[in-house]
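Asks: For reference, this is start14.txt, and it has compact mmCIF, N, CA and C atoms.
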```txt
# COMPACT_ATOMS: atom_id res chain seq x y z
N MET A 1275 -48.02 102.26 281.87
CA MET A 1275 -46.84 102.15 281.02
C MET A 1275 -45.84 103.24 281.44
N SER A 1276 -44.63 102.86 281.65
CA SER A 1276 -43.64 103.82 282.12
C SER A 1276 -43.11 104.67 280.97
N ALA A 1277 -42.45 105.74 281.33
CA ALA A 1277 -41.89 106.65 280.32
C ALA A 1277 -40.81 105.94 279.50
N ALA A 1278 -40.03 105.11 280.16
CA ALA A 1278 -38.96 104.39 279.46
C ALA A 1278 -39.52 103.42 278.43
N SER A 1279 -40.58 102.72 278.79
CA SER A 1279 -41.15 101.77 277.84
C SER A 1279 -41.86 102.49 276.69
N ARG A 1280 -42.45 103.68 276.95
CA ARG A 1280 -43.04 104.46 275.87
C ARG A 1280 -41.98 104.94 274.89
N ARG A 1281 -40.83 105.38 275.45
CA ARG A 1281 -39.72 105.81 274.58
C ARG A 1281 -39.21 104.64 273.74
N ALA A 1282 -39.09 103.47 274.36
CA ALA A 1282 -38.61 102.29 273.63
C ALA A 1282 -39.59 101.92 272.52
N ALA A 1283 -40.88 101.99 272.81
CA ALA A 1283 -41.88 101.67 271.79
C ALA A 1283 -41.82 102.69 270.65
N ALA A 1284 -41.60 103.96 270.99
CA ALA A 1284 -41.51 105.00 269.95
C ALA A 1284 -40.29 104.76 269.07
N ILE A 1285 -39.18 104.35 269.67
CA ILE A 1285 -37.97 104.07 268.89
C ILE A 1285 -38.23 102.93 267.92
N VAL A 1286 -38.88 101.87 268.39
CA VAL A 1286 -39.18 100.72 267.53
C VAL A 1286 -40.11 101.14 266.40
N ARG A 1287 -41.15 101.93 266.71
CA ARG A 1287 -42.08 102.41 265.68
C ARG A 1287 -41.37 103.24 264.63
N ASN A 1288 -40.52 104.16 265.08
CA ASN A 1288 -39.81 105.03 264.14
C ASN A 1288 -38.85 104.24 263.28
N ARG A 1289 -38.19 103.26 263.87
CA ARG A 1289 -37.27 102.42 263.09
C ARG A 1289 -38.03 101.61 262.04
N ALA A 1290 -39.18 101.07 262.43
CA ALA A 1290 -40.00 100.31 261.49
C ALA A 1290 -40.48 101.20 260.35
N ARG A 1291 -40.89 102.42 260.69
CA ARG A 1291 -41.35 103.37 259.68
C ARG A 1291 -40.22 103.71 258.71
N ALA A 1292 -39.03 103.92 259.22
CA ALA A 1292 -37.88 104.24 258.38
C ALA A 1292 -37.52 103.06 257.48
N ASN A 1293 -37.61 101.85 258.03
CA ASN A 1293 -37.32 100.66 257.23
C ASN A 1293 -38.33 100.48 256.10
N ARG A 1294 -39.60 100.73 256.40
CA ARG A 1294 -40.62 100.63 255.35
C ARG A 1294 -40.39 101.65 254.25
N THR A 1295 -40.03 102.87 254.64
CA THR A 1295 -39.76 103.92 253.66
C THR A 1295 -38.58 103.55 252.77
N ALA A 1296 -37.50 103.06 253.38
CA ALA A 1296 -36.32 102.67 252.61
C ALA A 1296 -36.65 101.51 251.67
N ALA A 1297 -37.42 100.55 252.15
CA ALA A 1297 -37.79 99.41 251.31
C ALA A 1297 -38.66 99.86 250.14
N ARG A 1298 -39.57 100.82 250.40
CA ARG A 1298 -40.43 101.34 249.33
C ARG A 1298 -39.60 102.02 248.25
N GLU A 1299 -38.59 102.80 248.66
CA GLU A 1299 -37.74 103.49 247.68
C GLU A 1299 -36.88 102.50 246.90
N ARG A 1300 -36.35 101.46 247.59
CA ARG A 1300 -35.57 100.43 246.89
C ARG A 1300 -36.43 99.70 245.88
N ARG A 1301 -37.65 99.34 246.28
CA ARG A 1301 -38.56 98.64 245.39
C ARG A 1301 -38.91 99.49 244.18
N ALA A 1302 -39.15 100.78 244.38
CA ALA A 1302 -39.46 101.68 243.26
C ALA A 1302 -38.29 101.77 242.30
N ALA A 1303 -37.07 101.85 242.82
CA ALA A 1303 -35.89 101.93 241.96
C ALA A 1303 -35.70 100.66 241.15
N LEU A 1304 -35.89 99.51 241.80
CA LEU A 1304 -35.73 98.24 241.09
C LEU A 1304 -36.81 98.06 240.02
N THR A 1305 -38.03 98.42 240.34
CA THR A 1305 -39.12 98.32 239.36
C THR A 1305 -38.87 99.24 238.18
N ALA A 1306 -38.44 100.47 238.46
CA ALA A 1306 -38.17 101.42 237.39
C ALA A 1306 -37.01 100.94 236.52
N ALA A 1307 -35.97 100.37 237.14
CA ALA A 1307 -34.83 99.87 236.37
C ALA A 1307 -35.27 98.75 235.44
N ARG A 1308 -36.15 97.88 235.92
CA ARG A 1308 -36.63 96.79 235.07
C ARG A 1308 -37.46 97.34 233.91
N ARG A 1309 -38.27 98.36 234.19
CA ARG A 1309 -39.13 98.90 233.15
C ARG A 1309 -38.35 99.62 232.06
N ILE A 1310 -37.29 100.36 232.41
CA ILE A 1310 -36.57 101.09 231.37
C ILE A 1310 -35.77 100.15 230.48
N ARG A 1311 -35.55 98.92 230.93
CA ARG A 1311 -34.88 97.95 230.06
C ARG A 1311 -35.81 97.41 229.00
N THR A 1312 -37.13 97.50 229.22
CA THR A 1312 -38.07 96.89 228.29
C THR A 1312 -38.56 97.83 227.21
N GLY A 1313 -38.37 99.14 227.37
CA GLY A 1313 -38.84 100.05 226.34
C GLY A 1313 -38.80 101.48 226.81
N PRO A 1314 -39.31 102.39 226.00
CA PRO A 1314 -39.28 103.80 226.38
C PRO A 1314 -40.14 104.08 227.60
N ARG A 1315 -39.64 104.93 228.48
CA ARG A 1315 -40.36 105.31 229.71
C ARG A 1315 -40.23 106.81 229.93
N SER A 1316 -40.95 107.32 230.89
CA SER A 1316 -40.90 108.75 231.19
C SER A 1316 -39.55 109.11 231.79
N LEU A 1317 -39.22 110.38 231.73
CA LEU A 1317 -37.97 110.84 232.34
C LEU A 1317 -37.97 110.58 233.84
N ALA A 1318 -39.14 110.70 234.46
CA ALA A 1318 -39.23 110.43 235.91
C ALA A 1318 -38.86 108.99 236.21
N THR A 1319 -39.29 108.05 235.39
CA THR A 1319 -38.96 106.65 235.60
C THR A 1319 -37.46 106.43 235.47
N HIS A 1320 -36.83 107.08 234.50
CA HIS A 1320 -35.39 106.95 234.34
C HIS A 1320 -34.66 107.49 235.56
N VAL A 1321 -35.12 108.61 236.11
CA VAL A 1321 -34.46 109.20 237.28
C VAL A 1321 -34.69 108.33 238.51
N ILE A 1322 -35.90 107.82 238.69
CA ILE A 1322 -36.19 106.95 239.83
C ILE A 1322 -35.34 105.69 239.77
N ALA A 1323 -35.07 105.20 238.56
CA ALA A 1323 -34.25 103.99 238.41
C ALA A 1323 -32.82 104.19 238.89
N THR A 1324 -32.38 105.43 239.00
CA THR A 1324 -31.03 105.67 239.52
C THR A 1324 -30.97 105.53 241.03
N GLY A 1325 -32.13 105.44 241.67
CA GLY A 1325 -32.18 105.33 243.12
C GLY A 1325 -32.18 106.68 243.81
N ALA A 1326 -32.52 107.73 243.08
CA ALA A 1326 -32.52 109.08 243.64
C ALA A 1326 -33.62 109.22 244.69
N ALA A 1327 -33.41 110.12 245.63
CA ALA A 1327 -34.41 110.38 246.66
C ALA A 1327 -35.64 111.03 246.04
N ARG A 1328 -36.80 110.75 246.60
CA ARG A 1328 -38.04 111.28 246.05
C ARG A 1328 -38.09 112.80 246.11
N THR A 1329 -37.35 113.39 247.02
CA THR A 1329 -37.39 114.85 247.18
C THR A 1329 -36.72 115.57 246.02
N VAL A 1330 -35.80 114.94 245.31
CA VAL A 1330 -35.08 115.60 244.23
C VAL A 1330 -35.51 115.14 242.84
N VAL A 1331 -36.38 114.15 242.77
CA VAL A 1331 -36.76 113.60 241.46
C VAL A 1331 -37.45 114.64 240.59
N SER A 1332 -38.44 115.35 241.16
CA SER A 1332 -39.21 116.28 240.33
C SER A 1332 -38.35 117.42 239.80
N GLY A 1333 -37.41 117.92 240.61
CA GLY A 1333 -36.53 118.98 240.15
C GLY A 1333 -35.60 118.53 239.04
N ALA A 1334 -35.05 117.32 239.19
CA ALA A 1334 -34.16 116.79 238.16
C ALA A 1334 -34.91 116.53 236.86
N VAL A 1335 -36.13 116.03 236.98
CA VAL A 1335 -36.93 115.74 235.79
C VAL A 1335 -37.28 117.02 235.05
N ALA A 1336 -37.62 118.06 235.78
CA ALA A 1336 -37.93 119.34 235.14
C ALA A 1336 -36.72 119.87 234.39
N ALA A 1337 -35.55 119.75 234.99
CA ALA A 1337 -34.32 120.21 234.31
C ALA A 1337 -34.03 119.36 233.08
N LEU A 1338 -34.24 118.06 233.16
CA LEU A 1338 -34.01 117.19 232.01
C LEU A 1338 -35.00 117.49 230.89
N ARG A 1339 -36.26 117.79 231.24
CA ARG A 1339 -37.24 118.15 230.21
C ARG A 1339 -36.81 119.41 229.47
N THR A 1340 -36.28 120.38 230.22
CA THR A 1340 -35.81 121.62 229.61
C THR A 1340 -34.66 121.32 228.64
N GLN A 1341 -33.72 120.47 229.06
CA GLN A 1341 -32.59 120.11 228.20
C GLN A 1341 -33.06 119.34 226.97
N ALA A 1342 -34.05 118.49 227.13
CA ALA A 1342 -34.59 117.75 225.98
C ALA A 1342 -35.20 118.70 224.97
N ARG A 1343 -35.92 119.70 225.48
CA ARG A 1343 -36.53 120.69 224.59
C ARG A 1343 -35.45 121.47 223.85
N LYS A 1344 -34.40 121.88 224.58
CA LYS A 1344 -33.31 122.64 223.94
C LYS A 1344 -32.58 121.81 222.89
N ALA A 1345 -32.40 120.52 223.17
CA ALA A 1345 -31.67 119.65 222.24
C ALA A 1345 -32.56 119.17 221.10
N GLY A 1346 -33.85 119.44 221.18
CA GLY A 1346 -34.77 119.01 220.12
C GLY A 1346 -35.07 117.53 220.17
N ILE A 1347 -34.92 116.90 221.31
CA ILE A 1347 -35.18 115.47 221.44
C ILE A 1347 -36.62 115.29 221.89
N ARG A 1348 -37.41 114.66 221.03
CA ARG A 1348 -38.81 114.40 221.37
C ARG A 1348 -38.95 112.91 221.64
N GLY A 1349 -39.53 112.58 222.73
CA GLY A 1349 -39.78 111.18 223.04
C GLY A 1349 -40.96 110.68 222.23
N THR A 1350 -41.32 109.44 222.46
CA THR A 1350 -42.48 108.86 221.82
C THR A 1350 -43.72 109.35 222.55
N ALA A 1351 -44.66 109.91 221.81
CA ALA A 1351 -45.88 110.43 222.42
C ALA A 1351 -46.81 109.29 222.79
N ALA A 1352 -47.47 109.43 223.93
CA ALA A 1352 -48.46 108.46 224.36
C ALA A 1352 -49.60 109.23 225.03
N ARG A 1353 -50.79 108.67 224.98
CA ARG A 1353 -51.94 109.30 225.63
C ARG A 1353 -52.29 108.49 226.87
N ILE A 1354 -52.46 109.18 227.98
CA ILE A 1354 -52.88 108.52 229.21
C ILE A 1354 -54.11 109.25 229.74
N ARG A 1355 -54.82 108.60 230.64
CA ARG A 1355 -55.95 109.24 231.30
C ARG A 1355 -55.51 109.60 232.70
N ARG A 1356 -55.38 110.90 232.97
CA ARG A 1356 -54.83 111.42 234.21
C ARG A 1356 -55.95 111.82 235.15
N THR A 1357 -55.89 111.36 236.39
CA THR A 1357 -56.89 111.72 237.38
C THR A 1357 -56.53 113.07 237.98
N LEU A 1358 -57.47 114.00 237.97
CA LEU A 1358 -57.26 115.33 238.53
C LEU A 1358 -58.27 115.57 239.64
N ASN A 1359 -57.80 116.03 240.78
CA ASN A 1359 -58.65 116.33 241.93
C ASN A 1359 -59.50 115.14 242.35
N GLY A 1360 -58.96 113.94 242.15
CA GLY A 1360 -59.64 112.76 242.64
C GLY A 1360 -60.73 112.19 241.76
N ARG A 1361 -61.16 112.88 240.71
CA ARG A 1361 -62.24 112.32 239.93
C ARG A 1361 -62.17 112.57 238.44
N ALA A 1362 -61.78 113.76 238.00
CA ALA A 1362 -61.76 114.05 236.56
C ALA A 1362 -60.64 113.26 235.90
N ARG A 1363 -60.98 112.46 234.90
CA ARG A 1363 -59.97 111.66 234.19
C ARG A 1363 -59.81 112.21 232.79
N ARG A 1364 -58.87 113.16 232.66
CA ARG A 1364 -58.65 113.80 231.37
C ARG A 1364 -57.56 113.09 230.60
N ALA A 1365 -57.69 113.06 229.28
CA ALA A 1365 -56.66 112.49 228.43
C ALA A 1365 -55.52 113.50 228.32
N VAL A 1366 -54.29 113.04 228.55
CA VAL A 1366 -53.10 113.90 228.54
C VAL A 1366 -52.05 113.24 227.66
N THR A 1367 -51.33 114.05 226.90
CA THR A 1367 -50.22 113.53 226.10
C THR A 1367 -48.96 113.56 226.94
N VAL A 1368 -48.28 112.42 227.01
CA VAL A 1368 -47.01 112.32 227.73
C VAL A 1368 -45.95 111.83 226.75
N TYR A 1369 -44.70 112.00 227.12
CA TYR A 1369 -43.60 111.58 226.24
C TYR A 1369 -42.72 110.59 226.98
N ARG A 1370 -42.34 109.55 226.26
CA ARG A 1370 -41.49 108.50 226.83
C ARG A 1370 -40.20 108.43 226.03
N TYR A 1371 -39.11 108.20 226.76
CA TYR A 1371 -37.78 108.29 226.17
C TYR A 1371 -37.04 106.96 226.33
N THR A 1372 -36.28 106.60 225.30
CA THR A 1372 -35.44 105.41 225.38
C THR A 1372 -34.17 105.75 226.16
N ALA A 1373 -33.42 104.73 226.52
CA ALA A 1373 -32.17 104.95 227.25
C ALA A 1373 -31.18 105.76 226.42
N GLU A 1374 -31.18 105.55 225.10
CA GLU A 1374 -30.28 106.29 224.22
C GLU A 1374 -30.65 107.77 224.18
N GLN A 1375 -31.94 108.06 224.12
CA GLN A 1375 -32.38 109.45 224.12
C GLN A 1375 -32.04 110.14 225.45
N VAL A 1376 -32.19 109.41 226.55
CA VAL A 1376 -31.84 109.97 227.86
C VAL A 1376 -30.34 110.26 227.92
N ALA A 1377 -29.54 109.40 227.33
CA ALA A 1377 -28.10 109.63 227.30
C ALA A 1377 -27.77 110.91 226.52
N GLN A 1378 -28.48 111.15 225.42
CA GLN A 1378 -28.28 112.39 224.66
C GLN A 1378 -28.69 113.61 225.47
N ILE A 1379 -29.79 113.50 226.20
CA ILE A 1379 -30.26 114.61 227.02
C ILE A 1379 -29.25 114.90 228.13
N VAL A 1380 -28.75 113.86 228.76
CA VAL A 1380 -27.79 114.01 229.87
C VAL A 1380 -26.50 114.65 229.39
N ALA A 1381 -26.14 114.44 228.12
CA ALA A 1381 -24.92 115.05 227.59
C ALA A 1381 -25.02 116.57 227.60
N HIS A 1382 -26.23 117.11 227.49
CA HIS A 1382 -26.44 118.56 227.51
C HIS A 1382 -26.67 119.11 228.91
N TYR A 1383 -26.91 118.23 229.89
CA TYR A 1383 -27.32 118.61 231.23
C TYR A 1383 -26.10 118.88 232.11
N LYS A 1384 -25.98 120.10 232.62
CA LYS A 1384 -24.85 120.48 233.48
C LYS A 1384 -25.39 121.01 234.82
N PRO A 1385 -25.74 120.12 235.74
CA PRO A 1385 -26.32 120.58 237.01
C PRO A 1385 -25.29 121.17 237.95
N ARG A 1386 -25.77 121.98 238.89
CA ARG A 1386 -24.90 122.58 239.89
C ARG A 1386 -25.02 121.90 241.23
N LYS A 1387 -26.23 121.50 241.61
CA LYS A 1387 -26.44 120.87 242.91
C LYS A 1387 -25.83 119.48 242.94
N ALA A 1388 -25.31 119.11 244.09
CA ALA A 1388 -24.63 117.83 244.24
C ALA A 1388 -25.57 116.65 243.98
N GLU A 1389 -26.82 116.76 244.45
CA GLU A 1389 -27.77 115.66 244.24
C GLU A 1389 -28.03 115.45 242.75
N TYR A 1390 -28.18 116.55 242.02
CA TYR A 1390 -28.44 116.46 240.60
C TYR A 1390 -27.21 115.97 239.84
N GLN A 1391 -26.03 116.34 240.30
CA GLN A 1391 -24.80 115.83 239.68
C GLN A 1391 -24.70 114.32 239.84
N ALA A 1392 -25.11 113.81 240.99
CA ALA A 1392 -25.09 112.36 241.21
C ALA A 1392 -26.08 111.67 240.28
N ILE A 1393 -27.25 112.27 240.10
CA ILE A 1393 -28.26 111.70 239.20
C ILE A 1393 -27.72 111.72 237.77
N ARG A 1394 -27.08 112.81 237.38
CA ARG A 1394 -26.51 112.90 236.03
C ARG A 1394 -25.47 111.81 235.80
N ALA A 1395 -24.61 111.58 236.80
CA ALA A 1395 -23.57 110.55 236.67
C ALA A 1395 -24.20 109.16 236.52
N MET A 1396 -25.24 108.91 237.29
CA MET A 1396 -25.90 107.60 237.21
C MET A 1396 -26.60 107.41 235.85
N LEU A 1397 -27.23 108.47 235.36
CA LEU A 1397 -27.91 108.36 234.06
C LEU A 1397 -26.90 108.21 232.93
N ALA A 1398 -25.75 108.89 233.05
CA ALA A 1398 -24.73 108.78 232.02
C ALA A 1398 -24.11 107.39 232.00
N ALA A 1399 -24.00 106.78 233.17
CA ALA A 1399 -23.40 105.44 233.26
C ALA A 1399 -24.36 104.35 232.77
N ALA A 1400 -25.65 104.64 232.80
CA ALA A 1400 -26.63 103.59 232.41
C ALA A 1400 -26.68 103.35 230.93
```
Kindly present the structure from the file in structure tokens form.
Replies:
Amino acid sequence: MSAASRRAAAIVRNRARANRTAARERRAALTAARRIRTGPRSLATHVIATGAARTVVSGAVAALRTQARKAGIRGTAARIRRTLNGRARRAVTVYRYTAEQVAQIVAHYKPRKAEYQAIRAMLAAA
């Protein structure tokens, strides 16, 4: 196999990998958007529904949780069984928020980073 054909194969592999990643993120955003229309969901689900990159979701969610705590907005409590270290399934309390509650939280949220500002704009528009 020549060097040129190896480079061409690598380009095709990388393009396919990038396409799969983009499709996975689009699918996650569409699924999350459908879920938040049906009832209360986690703040992470609301942020993913905006189509935000996976690298900024956790930071934005942490900031939104802080704002929710400051505003006194408590979501609906739910119990889930969380897998830890691959085997321990502990019961954990999580909170789920309606679109109206997320809108109230976003009203208090004043981000500085451009990525977070885009997420705030998308959440406010929803």
Asks: Extract, using only N, CA and C atoms, all DNA, RNA and protein residues at most 6 Å from segment 1352-1369 of chain A, discarding same-chain residues fewer than 2 positions from it, and format them as a PyMOL selection string.
Replies: chain A and resi 1315-1317+1349-1350+1371
Asks: So which residues of chain A fall under alpha helix (DSSP H) by DSSP, listed as a count of residues only?
Replies: 82
Asks: Just checking: using all atoms listed in the file, which residue out of A:Ala1323, A:Thr1372, A:Arg1311, A:Val1330 ends up closest to Tyr1390 of chain A?
Replies: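 Nearest to Tyr1390 of chain A: A:Val1330.
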Asks: From the list A:Arg1291, A:Arg1308, A:Ala1303, A:Ala1296, which residue is nearest Ala1326 of chain A when using only N, CA and C atoms?
Replies: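 So, comparing all the options, the nearest one is A:Ala1303.
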Asks: Please write as a ChimeraX atom specification the list of polymer residues whose atoms come within 12 Å of (-40.1, 100.6, 242.3), counting only C-alpha atoms and keeping to the coordinates of the file.
Replies: /A:1295-1310,1318-1326,1328
Asks: Calculate, to one decimal in Å, the centre and edge lengths of the box along x, y and z of the file that holds all listed atoms of segment 1296-1305 of chain A with 6 Å of margin on each side, and present them as AutoDock Vina command-line options.
Replies:
```
--center_x -38.0 --center_y 100.8 --center_z 245.8 --size_x 16.9 --size_y 17.4 --size_z 27.2
```
Asks: Is it possible to produce a file of segment 1352-1365 of chain A from this structure, with N, CA and C atoms, as an mmCIF file, in the first residue's frame?
Replies:
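The resulting file, part_8.cif, is shown below:
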```cif
data_model
loop_
_atom_site.group_PDB
_atom_site.id
_atom_site.type_symbol
_atom_site.label_atom_id
_atom_site.label_comp_id
_atom_site.auth_asym_id
_atom_site.auth_seq_id
_atom_site.Cartn_x
_atom_site.Cartn_y
_atom_site.Cartn_z
ATOM 1 N N ALA A 1352 -36.744 13.267 42.273
ATOM 2 C CA ALA A 1352 -36.937 11.907 41.787
ATOM 3 C C ALA A 1352 -35.783 11.062 42.311
ATOM 4 N N ARG A 1353 -36.025 9.781 42.480
ATOM 5 C CA ARG A 1353 -34.974 8.864 42.936
ATOM 6 C C ARG A 1353 -34.564 7.992 41.760
ATOM 7 N N ILE A 1354 -33.267 7.903 41.533
ATOM 8 C CA ILE A 1354 -32.749 7.026 40.490
ATOM 9 C C ILE A 1354 -31.706 6.110 41.114
ATOM 10 N N ARG A 1355 -31.384 5.047 40.410
ATOM 11 C CA ARG A 1355 -30.318 4.149 40.852
ATOM 12 C C ARG A 1355 -29.113 4.423 39.981
ATOM 13 N N ARG A 1356 -28.071 4.999 40.565
ATOM 14 C CA ARG A 1356 -26.886 5.457 39.856
ATOM 15 C C ARG A 1356 -25.780 4.430 39.956
ATOM 16 N N THR A 1357 -25.194 4.065 38.824
ATOM 17 C CA THR A 1357 -24.090 3.118 38.820
ATOM 18 C C THR A 1357 -22.803 3.860 39.128
ATOM 19 N N LEU A 1358 -22.053 3.381 40.109
ATOM 20 C CA LEU A 1358 -20.783 3.983 40.495
ATOM 21 C C LEU A 1358 -19.679 2.961 40.339
ATOM 22 N N ASN A 1359 -18.599 3.353 39.689
ATOM 23 C CA ASN A 1359 -17.445 2.477 39.478
ATOM 24 C C ASN A 1359 -17.819 1.165 38.805
ATOM 25 N N GLY A 1360 -18.834 1.215 37.961
ATOM 26 C CA GLY A 1360 -19.181 0.050 37.173
ATOM 27 C C GLY A 1360 -20.046 -0.989 37.842
ATOM 28 N N ARG A 1361 -20.290 -0.901 39.149
ATOM 29 C CA ARG A 1361 -21.096 -1.947 39.758
ATOM 30 C C ARG A 1361 -22.022 -1.495 40.862
ATOM 31 N N ALA A 1362 -21.600 -0.588 41.742
ATOM 32 C CA ALA A 1362 -22.459 -0.187 42.853
ATOM 33 C C ALA A 1362 -23.627 0.642 42.320
ATOM 34 N N ARG A 1363 -24.847 0.206 42.618
ATOM 35 C CA ARG A 1363 -26.035 0.943 42.154
ATOM 36 C C ARG A 1363 -26.717 1.569 43.353
ATOM 37 N N ARG A 1364 -26.302 2.811 43.650
ATOM 38 C CA ARG A 1364 -26.847 3.513 44.808
ATOM 39 C C ARG A 1364 -28.037 4.354 44.406
ATOM 40 N N ALA A 1365 -28.993 4.483 45.308
ATOM 41 C CA ALA A 1365 -30.139 5.350 45.077
ATOM 42 C C ALA A 1365 -29.703 6.793 45.307
#
```
